[in-house]
Amino acid sequence: MKKNVLLLSFVVSTLIGCNNSKKLDEVVEVPLPETEVVVVEMGNPADVKVDEGGTFQMVPLPYAYDALEPYIDAKTMEIHFSKHHLGYANNLNKAIAGTDMAAMSIEDIFKKLDLENKAVRNNAGGYYNHNFYWEIMGANKGGEPTGALADAITKDFGSFADFKTQFIEAGMKQFGSGWVWLLVDKTGKLNIVTTANQDNPLMTKLGISGTPILNSDVWEHAYYLKHQNKRKDYLEGFFSVINWDKVIEKYTAATTVK
């Protein structure tokens, strides 16, 4: 490799005897500083654990932090999972410690939840909503659903494109923090709803009817590092990482007669 050098000429006069002088040209090589490559290391999602003794554990993230690039950036995923989500899990465990809820499933907690119990309401919601959100996304996903779910979307929204537009519009209209959901009711009809903060449709006292099969987080911490205030850009990108196979599983389970 050729070195980059800076040629410096120095004229040095040296007197030798009375009348003798000498001019010396000297070339000095000065290497230019090398550009330092800064590598930002991501943690391992598998290393994220709740505090010792917690009832509800961290459900493993089903992909690496950078798996959803470029739609959801790795740093946002790391902070979202290892800080925000972990915080909800730890605070939920603290809120239910020593109560009957410590022996309940998260779904049963929602059925009996006193909405005035903000510690459980906020943190149980945050725990469940995020687990749901991680599950219905994946690397190299997106596209459109197939089969019965595709037919239901066409029937209830007109087309997949119309559904996408309505889902994004609902997410845009959710003031402040919250979630946008796709629900299926007992008749098989699909509906789009939003919830504030960490509320979700399984909190029966909210009066929302239907089983969730898809959600998207519209809290700013879900997208701000990459998109700043452009929530619509985030929601558009979200459709490129939806794991429709998982959503179809949830739809099938919700519509199967038991």
# chains A, B, ... in the order shown; residues from 1 in each chain; ligands from 1

call {"tool": "closest_atom_pairs", "arguments": {"of": "stretch 107-159 of chain A", "to": "stretch 176-192 of chain A", "cutoff": "9 Å", "atoms": "only C-alpha atoms", "output": "Markdown table"}}
result
| residue | atom | partner | partner_atom | distance |
| --- | --- | --- | --- | --- |
| A:Asn129 | CA | A:Trp179 | CA | 8.4 |
| A:Ala152 | CA | A:Leu190 | CA | 7.2 |
| A:Ile153 | CA | A:Leu190 | CA | 7.1 |
| A:Lys155 | CA | A:Lys189 | CA | 8.8 |
| A:Asp156 | CA | A:Leu190 | CA | 6.3 |
| A:Phe157 | CA | A:Leu190 | CA | 8.4 |

call {"tool": "residues_around", "arguments": {"residues": "A:Phe238", "least_positions_apart": "3", "cutoff": "12 Å", "atoms": "only C-alpha atoms", "output": "number ranges by chain"}}
result
A: 68-73, 133-134, 136-143, 164, 167-168, 171, 180, 214-218, 222-223, 231-235, 241-244

call {"tool": "write_last_selection", "arguments": {"atoms": "N, CA, C and O atoms", "output": "compact mmCIF listing (two decimals), in the first residue's frame"}}
result
# COMPACT_ATOMS: atom_id res chain seq x y z
N LEU A 68 -34.55 -6.93 11.76
CA LEU A 68 -35.63 -6.20 11.09
C LEU A 68 -35.14 -4.96 10.34
O LEU A 68 -35.94 -4.16 9.88
N GLU A 69 -33.83 -4.81 10.25
CA GLU A 69 -33.27 -3.71 9.45
C GLU A 69 -33.71 -3.87 7.99
O GLU A 69 -33.87 -4.98 7.52
N PRO A 70 -33.89 -2.79 7.26
CA PRO A 70 -33.73 -1.40 7.67
C PRO A 70 -35.01 -0.77 8.23
O PRO A 70 -35.04 0.42 8.49
N TYR A 71 -36.04 -1.55 8.39
CA TYR A 71 -37.35 -1.00 8.76
C TYR A 71 -37.41 -0.63 10.24
O TYR A 71 -37.98 0.41 10.60
N ILE A 72 -36.85 -1.48 11.09
CA ILE A 72 -36.71 -1.16 12.51
C ILE A 72 -35.24 -1.37 12.85
O ILE A 72 -34.71 -2.48 12.71
N ASP A 73 -34.57 -0.31 13.25
CA ASP A 73 -33.12 -0.38 13.42
C ASP A 73 -32.72 -1.15 14.67
O ASP A 73 -33.48 -1.27 15.63
N TYR A 133 -46.22 -8.18 20.11
CA TYR A 133 -45.59 -7.39 19.05
C TYR A 133 -44.34 -8.09 18.51
O TYR A 133 -44.16 -8.21 17.29
N TRP A 134 -43.46 -8.57 19.39
CA TRP A 134 -42.25 -9.26 18.92
C TRP A 134 -42.62 -10.50 18.10
O TRP A 134 -41.97 -10.82 17.11
N ILE A 136 -45.27 -11.22 16.23
CA ILE A 136 -45.90 -11.11 14.91
C ILE A 136 -45.01 -10.37 13.91
O ILE A 136 -45.48 -9.98 12.84
N MET A 137 -43.71 -10.22 14.25
CA MET A 137 -42.76 -9.66 13.29
C MET A 137 -41.67 -10.69 13.02
O MET A 137 -41.49 -11.64 13.78
N GLY A 138 -40.94 -10.50 11.93
CA GLY A 138 -39.85 -11.41 11.62
C GLY A 138 -39.01 -10.90 10.46
O GLY A 138 -39.43 -10.02 9.70
N ALA A 139 -37.83 -11.46 10.34
CA ALA A 139 -36.92 -11.09 9.25
C ALA A 139 -37.42 -11.66 7.93
O ALA A 139 -37.99 -12.76 7.88
N ASN A 140 -37.24 -10.91 6.86
CA ASN A 140 -37.62 -11.35 5.51
C ASN A 140 -39.10 -11.72 5.42
O ASN A 140 -39.46 -12.72 4.79
N LYS A 141 -39.92 -10.94 6.07
CA LYS A 141 -41.36 -11.21 6.07
C LYS A 141 -42.07 -10.14 5.25
O LYS A 141 -41.59 -9.72 4.21
N GLY A 142 -43.22 -9.70 5.70
CA GLY A 142 -43.98 -8.72 4.94
C GLY A 142 -44.85 -9.38 3.89
O GLY A 142 -45.27 -10.52 4.04
N GLY A 143 -45.12 -8.65 2.84
CA GLY A 143 -46.00 -9.17 1.80
C GLY A 143 -47.45 -9.11 2.23
O GLY A 143 -47.86 -8.19 2.94
N LYS A 164 -54.51 -1.92 4.82
CA LYS A 164 -53.24 -1.30 5.20
C LYS A 164 -53.42 0.19 5.44
O LYS A 164 -52.93 0.75 6.43
N PHE A 167 -55.35 0.71 8.72
CA PHE A 167 -54.53 0.36 9.88
C PHE A 167 -53.55 1.49 10.19
O PHE A 167 -53.40 1.91 11.33
N ILE A 168 -52.89 1.99 9.15
CA ILE A 168 -51.94 3.08 9.33
C ILE A 168 -52.65 4.35 9.78
O ILE A 168 -52.17 5.06 10.68
N GLY A 171 -53.37 4.12 13.43
CA GLY A 171 -52.16 4.34 14.20
C GLY A 171 -51.77 5.81 14.24
O GLY A 171 -51.29 6.31 15.27
N VAL A 180 -52.12 0.04 18.03
CA VAL A 180 -53.18 -0.20 17.04
C VAL A 180 -53.27 -1.71 16.86
O VAL A 180 -52.25 -2.40 16.79
N LEU A 214 -53.14 -9.11 15.54
CA LEU A 214 -52.05 -8.27 15.03
C LEU A 214 -52.03 -6.98 15.83
O LEU A 214 -53.08 -6.46 16.20
N ASN A 215 -50.82 -6.49 16.13
CA ASN A 215 -50.73 -5.17 16.77
C ASN A 215 -49.47 -4.44 16.32
O ASN A 215 -48.56 -5.04 15.74
N SER A 216 -49.46 -3.15 16.55
CA SER A 216 -48.27 -2.35 16.30
C SER A 216 -48.13 -1.30 17.39
O SER A 216 -49.11 -0.65 17.78
N ASP A 217 -46.94 -1.16 17.88
CA ASP A 217 -46.61 -0.22 18.95
C ASP A 217 -46.45 1.17 18.36
O ASP A 217 -45.64 1.38 17.46
N VAL A 218 -47.21 2.14 18.85
CA VAL A 218 -47.05 3.51 18.35
C VAL A 218 -46.54 4.45 19.44
O VAL A 218 -46.67 5.66 19.34
N ALA A 222 -40.70 3.28 20.06
CA ALA A 222 -40.67 2.19 19.08
C ALA A 222 -40.04 2.63 17.76
O ALA A 222 -39.68 1.77 16.94
N TYR A 223 -39.92 3.93 17.54
CA TYR A 223 -39.47 4.37 16.21
C TYR A 223 -38.64 5.66 16.19
O TYR A 223 -38.10 6.03 15.16
N ARG A 231 -44.15 9.11 12.38
CA ARG A 231 -44.81 7.85 12.74
C ARG A 231 -45.30 7.10 11.51
O ARG A 231 -45.24 5.86 11.47
N LYS A 232 -45.75 7.82 10.52
CA LYS A 232 -46.27 7.15 9.32
C LYS A 232 -45.18 6.35 8.62
O LYS A 232 -45.44 5.24 8.12
N ASP A 233 -43.96 6.90 8.55
CA ASP A 233 -42.87 6.16 7.93
C ASP A 233 -42.62 4.85 8.66
O ASP A 233 -42.38 3.81 8.04
N TYR A 234 -42.67 4.90 9.98
CA TYR A 234 -42.50 3.69 10.79
C TYR A 234 -43.60 2.68 10.50
O TYR A 234 -43.34 1.49 10.30
N LEU A 235 -44.85 3.14 10.47
CA LEU A 235 -45.97 2.22 10.23
C LEU A 235 -45.92 1.63 8.82
O LEU A 235 -46.26 0.46 8.61
N VAL A 241 -42.29 -6.09 7.81
CA VAL A 241 -41.74 -7.07 8.76
C VAL A 241 -42.83 -7.90 9.44
O VAL A 241 -42.54 -8.70 10.32
N ILE A 242 -44.09 -7.73 9.03
CA ILE A 242 -45.16 -8.53 9.63
C ILE A 242 -44.98 -10.00 9.26
O ILE A 242 -44.81 -10.34 8.09
N ASN A 243 -45.03 -10.86 10.27
CA ASN A 243 -44.96 -12.30 10.05
C ASN A 243 -46.39 -12.81 9.87
O ASN A 243 -47.06 -13.19 10.83
N TRP A 244 -46.85 -12.81 8.62
CA TRP A 244 -48.24 -13.18 8.36
C TRP A 244 -48.54 -14.64 8.71
O TRP A 244 -49.68 -14.98 9.03

call {"tool": "residues_around", "arguments": {"residues": "A:Tyr128", "least_positions_apart": "4", "cutoff": "9 Å", "atoms": "only C-alpha atoms", "output": "ChimeraX atom specification"}}
result
/A:106-107,123-124,132-133,198,200

call {"tool": "write_last_selection", "arguments": {"atoms": "N, CA and C atoms", "output": "compact mmCIF listing (two decimals), in the first residue's frame"}}
result
# COMPACT_ATOMS: atom_id res chain seq x y z
N ILE A 106 -51.45 -14.35 32.46
CA ILE A 106 -51.60 -12.94 32.12
C ILE A 106 -53.01 -12.65 31.60
N GLU A 107 -53.60 -13.61 30.89
CA GLU A 107 -54.95 -13.43 30.36
C GLU A 107 -55.98 -13.36 31.49
N ASN A 123 -48.20 -2.22 33.68
CA ASN A 123 -47.07 -3.13 33.49
C ASN A 123 -47.49 -4.49 32.93
N ALA A 124 -48.67 -4.99 33.32
CA ALA A 124 -49.17 -6.22 32.70
C ALA A 124 -49.46 -5.96 31.23
N PHE A 132 -46.53 -9.85 22.32
CA PHE A 132 -47.37 -10.04 21.13
C PHE A 132 -46.70 -9.38 19.92
N TYR A 133 -46.22 -8.18 20.11
CA TYR A 133 -45.59 -7.39 19.05
C TYR A 133 -44.34 -8.09 18.51
N GLN A 198 -50.63 1.39 27.70
CA GLN A 198 -50.38 -0.05 27.58
C GLN A 198 -51.67 -0.87 27.73
N ASN A 200 -54.96 -3.00 26.48
CA ASN A 200 -55.14 -3.91 25.37
C ASN A 200 -56.55 -4.49 25.38

call {"tool": "closest_residue", "arguments": {"among": "A:Lys111, A:Asp66, A:Asn117, A:Val59", "to": "A:Ile208", "atoms": "only C-alpha atoms"}}
result
A:Lys111

call {"tool": "residues_around", "arguments": {"residues": "A:Thr99", "least_positions_apart": "6", "cutoff": "12 Å", "atoms": "only C-alpha atoms", "output": "JSON, numbers by chain"}}
result
{"A": [55, 92, 93, 109, 120]}

call {"tool": "write_last_selection", "arguments": {"atoms": "N, CA, C and O atoms", "output": "PDB file, in the first residue's frame"}}
result
ATOM      1  N   THR A  55     -42.260 -13.773  38.711  1.00  0.00           N
ATOM      2  CA  THR A  55     -43.246 -14.744  38.224  1.00  0.00           C
ATOM      3  C   THR A  55     -43.230 -14.824  36.702  1.00  0.00           C
ATOM      4  O   THR A  55     -43.183 -15.906  36.120  1.00  0.00           O
ATOM      5  N   LEU A  92     -44.097  -5.477  36.678  1.00  0.00           N
ATOM      6  CA  LEU A  92     -45.269  -6.336  36.819  1.00  0.00           C
ATOM      7  C   LEU A  92     -45.054  -7.331  37.951  1.00  0.00           C
ATOM      8  O   LEU A  92     -45.937  -7.525  38.803  1.00  0.00           O
ATOM      9  N   ASN A  93     -43.900  -7.962  37.968  1.00  0.00           N
ATOM     10  CA  ASN A  93     -43.617  -8.943  39.014  1.00  0.00           C
ATOM     11  C   ASN A  93     -43.650  -8.311  40.405  1.00  0.00           C
ATOM     12  O   ASN A  93     -44.138  -8.922  41.366  1.00  0.00           O
ATOM     13  N   ILE A 109     -55.383 -12.372  34.522  1.00  0.00           N
ATOM     14  CA  ILE A 109     -55.179 -11.083  35.196  1.00  0.00           C
ATOM     15  C   ILE A 109     -55.996  -9.999  34.502  1.00  0.00           C
ATOM     16  O   ILE A 109     -56.657  -9.186  35.150  1.00  0.00           O
ATOM     17  N   VAL A 120     -50.499  -2.580  38.022  1.00  0.00           N
ATOM     18  CA  VAL A 120     -50.721  -3.829  37.296  1.00  0.00           C
ATOM     19  C   VAL A 120     -51.220  -3.531  35.887  1.00  0.00           C
ATOM     20  O   VAL A 120     -50.765  -4.144  34.911  1.00  0.00           O
TER      21      VAL A 120
END

call {"tool": "residues_around", "arguments": {"residues": "A:Glu249", "least_positions_apart": "2", "cutoff": "12 Å", "atoms": "only C-alpha atoms", "output": "list in words"}}
result
Glu135, Ile136, Pro145, Thr146, Gly147, Ala148, Leu149, Pro212, Ile213, Leu214, Asn243, Trp244, Asp245, Lys246, Val247, Tyr251, Thr252, Ala253, Ala254, Thr255 and Thr256 of chain A

call {"tool": "write_last_selection", "arguments": {"atoms": "N, CA and C atoms", "output": "short mmCIF file (atom, residue, chain, number, x, y, z; two decimals), in the first residue's frame"}}
result
data_model
loop_
_atom_site.label_atom_id
_atom_site.label_comp_id
_atom_site.auth_asym_id
_atom_site.auth_seq_id
_atom_site.Cartn_x
_atom_site.Cartn_y
_atom_site.Cartn_z
N GLU A 135 -43.68 -11.19 18.55
CA GLU A 135 -44.04 -12.46 17.94
C GLU A 135 -44.57 -12.32 16.52
N ILE A 136 -45.27 -11.22 16.23
CA ILE A 136 -45.90 -11.11 14.91
C ILE A 136 -45.01 -10.37 13.91
N PRO A 145 -51.08 -11.58 3.51
CA PRO A 145 -51.54 -12.88 4.00
C PRO A 145 -52.22 -13.67 2.90
N THR A 146 -52.41 -14.94 3.15
CA THR A 146 -53.07 -15.82 2.18
C THR A 146 -54.25 -16.52 2.85
N GLY A 147 -54.97 -17.30 2.08
CA GLY A 147 -56.01 -18.16 2.61
C GLY A 147 -57.19 -17.42 3.22
N ALA A 148 -57.73 -18.00 4.30
CA ALA A 148 -58.94 -17.48 4.92
C ALA A 148 -58.77 -16.07 5.46
N LEU A 149 -57.58 -15.76 5.99
CA LEU A 149 -57.36 -14.40 6.51
C LEU A 149 -57.38 -13.39 5.37
N PRO A 212 -57.28 -10.28 19.71
CA PRO A 212 -56.22 -9.66 18.90
C PRO A 212 -55.44 -10.68 18.08
N ILE A 213 -55.17 -10.32 16.82
CA ILE A 213 -54.34 -11.18 15.98
C ILE A 213 -53.15 -10.42 15.39
N LEU A 214 -53.14 -9.11 15.54
CA LEU A 214 -52.05 -8.27 15.03
C LEU A 214 -52.03 -6.98 15.83
N ASN A 243 -45.03 -10.86 10.27
CA ASN A 243 -44.96 -12.30 10.05
C ASN A 243 -46.39 -12.81 9.87
N TRP A 244 -46.85 -12.81 8.62
CA TRP A 244 -48.24 -13.18 8.36
C TRP A 244 -48.54 -14.64 8.71
N ASP A 245 -47.53 -15.50 8.69
CA ASP A 245 -47.75 -16.89 9.09
C ASP A 245 -48.22 -16.94 10.54
N LYS A 246 -47.59 -16.14 11.40
CA LYS A 246 -47.96 -16.11 12.81
C LYS A 246 -49.33 -15.47 12.99
N VAL A 247 -49.62 -14.42 12.22
CA VAL A 247 -50.93 -13.76 12.32
C VAL A 247 -52.03 -14.73 11.87
N TYR A 251 -55.31 -16.00 13.84
CA TYR A 251 -56.65 -15.88 13.24
C TYR A 251 -57.35 -17.24 13.24
N THR A 252 -56.62 -18.27 12.86
CA THR A 252 -57.20 -19.62 12.80
C THR A 252 -57.64 -20.07 14.19
N ALA A 253 -56.78 -19.81 15.19
CA ALA A 253 -57.14 -20.20 16.56
C ALA A 253 -58.37 -19.45 17.06
N ALA A 254 -58.47 -18.17 16.68
CA ALA A 254 -59.59 -17.35 17.16
C ALA A 254 -60.90 -17.71 16.47
N THR A 255 -60.83 -18.26 15.28
CA THR A 255 -62.05 -18.54 14.51
C THR A 255 -62.41 -20.03 14.49
N THR A 256 -61.62 -20.85 15.15
CA THR A 256 -61.91 -22.28 15.20
C THR A 256 -62.96 -22.56 16.28
#

call {"tool": "closest_residue", "arguments": {"among": "A:His130, A:Gly53, A:Met101, A:Phe110", "to": "A:Gly87", "atoms": "only C-alpha atoms"}}
result
A:His130

call {"tool": "atom_distance", "arguments": {"atom1": "atom CA of A:Asp162", "atom2": "atom CA of A:Thr194"}}
result
17.4 Å

call {"tool": "select_by_dssp", "arguments": {"residues": "stretch 3-238 of chain A", "states": "alpha helix (DSSP H)", "output": "ChimeraX atom specification"}}
result
/A:74-79,86-96,106-112,118-135,147-157,160-173,224-227,231-238

call {"tool": "select_by_dssp", "arguments": {"residues": "stretch 97-219 of chain A", "states": "strand (DSSP E)", "output": "ChimeraX atom specification"}}
result
/A:178-184,190-196,211-217

call {"tool": "write_last_selection", "arguments": {"atoms": "N, CA and C atoms", "output": "short mmCIF file (atom, residue, chain, number, x, y, z; two decimals), in the first residue's frame"}}
result
data_model
loop_
_atom_site.label_atom_id
_atom_site.label_comp_id
_atom_site.auth_asym_id
_atom_site.auth_seq_id
_atom_site.Cartn_x
_atom_site.Cartn_y
_atom_site.Cartn_z
N GLY A 178 -49.61 4.59 22.57
CA GLY A 178 -50.63 3.55 22.50
C GLY A 178 -50.31 2.48 21.48
N TRP A 179 -51.37 1.76 21.08
CA TRP A 179 -51.24 0.62 20.19
C TRP A 179 -52.39 0.61 19.19
N VAL A 180 -52.12 0.04 18.03
CA VAL A 180 -53.18 -0.20 17.04
C VAL A 180 -53.27 -1.71 16.86
N TRP A 181 -54.52 -2.22 16.82
CA TRP A 181 -54.76 -3.66 16.83
C TRP A 181 -55.68 -4.08 15.68
N LEU A 182 -55.50 -5.31 15.23
CA LEU A 182 -56.47 -5.98 14.36
C LEU A 182 -57.11 -7.08 15.19
N LEU A 183 -58.44 -7.02 15.33
CA LEU A 183 -59.18 -7.99 16.13
C LEU A 183 -60.11 -8.81 15.26
N VAL A 184 -60.43 -10.00 15.74
CA VAL A 184 -61.47 -10.81 15.10
C VAL A 184 -62.52 -11.10 16.16
N LEU A 190 -63.45 -8.87 11.14
CA LEU A 190 -62.23 -8.18 11.53
C LEU A 190 -62.51 -6.71 11.83
N ASN A 191 -61.84 -6.19 12.85
CA ASN A 191 -61.98 -4.78 13.21
C ASN A 191 -60.63 -4.21 13.61
N ILE A 192 -60.44 -2.94 13.32
CA ILE A 192 -59.24 -2.23 13.75
C ILE A 192 -59.61 -1.33 14.91
N VAL A 193 -58.85 -1.44 16.01
CA VAL A 193 -59.08 -0.58 17.17
C VAL A 193 -57.74 -0.06 17.67
N THR A 194 -57.79 0.97 18.50
CA THR A 194 -56.59 1.47 19.16
C THR A 194 -56.81 1.48 20.66
N THR A 195 -55.72 1.39 21.39
CA THR A 195 -55.77 1.51 22.84
C THR A 195 -54.70 2.49 23.28
N ALA A 196 -54.96 3.18 24.37
CA ALA A 196 -54.02 4.17 24.89
C ALA A 196 -52.99 3.50 25.80
N THR A 211 -60.73 -10.74 19.64
CA THR A 211 -59.45 -11.37 19.96
C THR A 211 -58.36 -10.75 19.10
N PRO A 212 -57.28 -10.28 19.71
CA PRO A 212 -56.22 -9.66 18.90
C PRO A 212 -55.44 -10.68 18.08
N ILE A 213 -55.17 -10.32 16.82
CA ILE A 213 -54.34 -11.18 15.98
C ILE A 213 -53.15 -10.42 15.39
N LEU A 214 -53.14 -9.11 15.54
CA LEU A 214 -52.05 -8.27 15.03
C LEU A 214 -52.03 -6.98 15.83
N ASN A 215 -50.82 -6.49 16.13
CA ASN A 215 -50.73 -5.17 16.77
C ASN A 215 -49.47 -4.44 16.32
N SER A 216 -49.46 -3.15 16.55
CA SER A 216 -48.27 -2.35 16.30
C SER A 216 -48.13 -1.30 17.39
N ASP A 217 -46.94 -1.16 17.88
CA ASP A 217 -46.61 -0.22 18.95
C ASP A 217 -46.45 1.17 18.36
#

call {"tool": "residues_around", "arguments": {"residues": "A:Met42", "least_positions_apart": "3", "cutoff": "8 Å", "atoms": "only C-alpha atoms", "output": "mmCIF file with C-alpha atoms, in the first residue's frame"}}
result
data_model
loop_
_atom_site.group_PDB
_atom_site.id
_atom_site.type_symbol
_atom_site.label_atom_id
_atom_site.label_comp_id
_atom_site.auth_asym_id
_atom_site.auth_seq_id
_atom_site.Cartn_x
_atom_site.Cartn_y
_atom_site.Cartn_z
ATOM 1 C CA TYR A 65 -31.731 -7.118 17.275
ATOM 2 C CA ALA A 74 -31.011 -2.562 15.689
ATOM 3 C CA LYS A 75 -30.371 0.071 18.368
ATOM 4 C CA GLU A 78 -32.079 -3.391 21.685
#

call {"tool": "atom_distance", "arguments": {"atom1": "atom CA of A:Lys94", "atom2": "atom CA of A:Met58"}}
result
14.5 Å

call {"tool": "atom_distance", "arguments": {"atom1": "atom CA of A:Glu41", "atom2": "atom CA of A:Leu225"}}
result
16.7 Å

call {"tool": "residues_around", "arguments": {"residues": "A:Gln57", "least_positions_apart": "4", "cutoff": "10 Å", "atoms": "only C-alpha atoms", "output": "PyMOL selection string"}}
result
chain A and resi 48-53+86+89-90+93+127

call {"tool": "write_last_selection", "arguments": {"atoms": "N, CA, C and O atoms", "output": "PDB file, in the first residue's frame"}}
result
ATOM      1  N   VAL A  48     -31.058 -11.160  28.334  1.00  0.00           N
ATOM      2  CA  VAL A  48     -31.962 -10.262  29.062  1.00  0.00           C
ATOM      3  C   VAL A  48     -32.877 -11.093  29.958  1.00  0.00           C
ATOM      4  O   VAL A  48     -33.685 -11.888  29.474  1.00  0.00           O
ATOM      5  N   LYS A  49     -32.738 -10.918  31.268  1.00  0.00           N
ATOM      6  CA  LYS A  49     -33.498 -11.705  32.235  1.00  0.00           C
ATOM      7  C   LYS A  49     -34.171 -10.784  33.249  1.00  0.00           C
ATOM      8  O   LYS A  49     -33.656  -9.716  33.576  1.00  0.00           O
ATOM      9  N   VAL A  50     -35.310 -11.231  33.770  1.00  0.00           N
ATOM     10  CA  VAL A  50     -35.979 -10.474  34.829  1.00  0.00           C
ATOM     11  C   VAL A  50     -35.206 -10.645  36.130  1.00  0.00           C
ATOM     12  O   VAL A  50     -34.359 -11.536  36.269  1.00  0.00           O
ATOM     13  N   ASP A  51     -35.513  -9.780  37.093  1.00  0.00           N
ATOM     14  CA  ASP A  51     -34.888  -9.894  38.398  1.00  0.00           C
ATOM     15  C   ASP A  51     -35.231 -11.244  39.030  1.00  0.00           C
ATOM     16  O   ASP A  51     -36.302 -11.824  38.770  1.00  0.00           O
ATOM     17  N   GLU A  52     -34.357 -11.719  39.863  1.00  0.00           N
ATOM     18  CA  GLU A  52     -34.525 -13.034  40.476  1.00  0.00           C
ATOM     19  C   GLU A  52     -35.859 -13.137  41.213  1.00  0.00           C
ATOM     20  O   GLU A  52     -36.253 -12.215  41.935  1.00  0.00           O
ATOM     21  N   GLY A  53     -36.535 -14.262  41.017  1.00  0.00           N
ATOM     22  CA  GLY A  53     -37.778 -14.514  41.724  1.00  0.00           C
ATOM     23  C   GLY A  53     -39.023 -14.017  41.027  1.00  0.00           C
ATOM     24  O   GLY A  53     -40.128 -14.155  41.550  1.00  0.00           O
ATOM     25  N   LEU A  86     -38.129  -5.054  29.436  1.00  0.00           N
ATOM     26  CA  LEU A  86     -37.640  -5.620  30.692  1.00  0.00           C
ATOM     27  C   LEU A  86     -38.183  -4.850  31.887  1.00  0.00           C
ATOM     28  O   LEU A  86     -38.541  -5.447  32.910  1.00  0.00           O
ATOM     29  N   ALA A  89     -41.688  -5.993  32.613  1.00  0.00           N
ATOM     30  CA  ALA A  89     -41.693  -7.327  33.217  1.00  0.00           C
ATOM     31  C   ALA A  89     -41.326  -7.258  34.700  1.00  0.00           C
ATOM     32  O   ALA A  89     -42.007  -7.850  35.556  1.00  0.00           O
ATOM     33  N   ASN A  90     -40.257  -6.547  35.016  1.00  0.00           N
ATOM     34  CA  ASN A  90     -39.836  -6.443  36.417  1.00  0.00           C
ATOM     35  C   ASN A  90     -40.878  -5.723  37.269  1.00  0.00           C
ATOM     36  O   ASN A  90     -41.174  -6.139  38.394  1.00  0.00           O
ATOM     37  N   ASN A  93     -43.900  -7.962  37.968  1.00  0.00           N
ATOM     38  CA  ASN A  93     -43.617  -8.943  39.014  1.00  0.00           C
ATOM     39  C   ASN A  93     -43.650  -8.311  40.405  1.00  0.00           C
ATOM     40  O   ASN A  93     -44.138  -8.922  41.366  1.00  0.00           O
ATOM     41  N   TYR A 127     -46.155  -5.732  29.352  1.00  0.00           N
ATOM     42  CA  TYR A 127     -45.542  -7.068  29.212  1.00  0.00           C
ATOM     43  C   TYR A 127     -46.220  -7.861  28.094  1.00  0.00           C
ATOM     44  O   TYR A 127     -45.560  -8.378  27.190  1.00  0.00           O
TER      45      TYR A 127
END
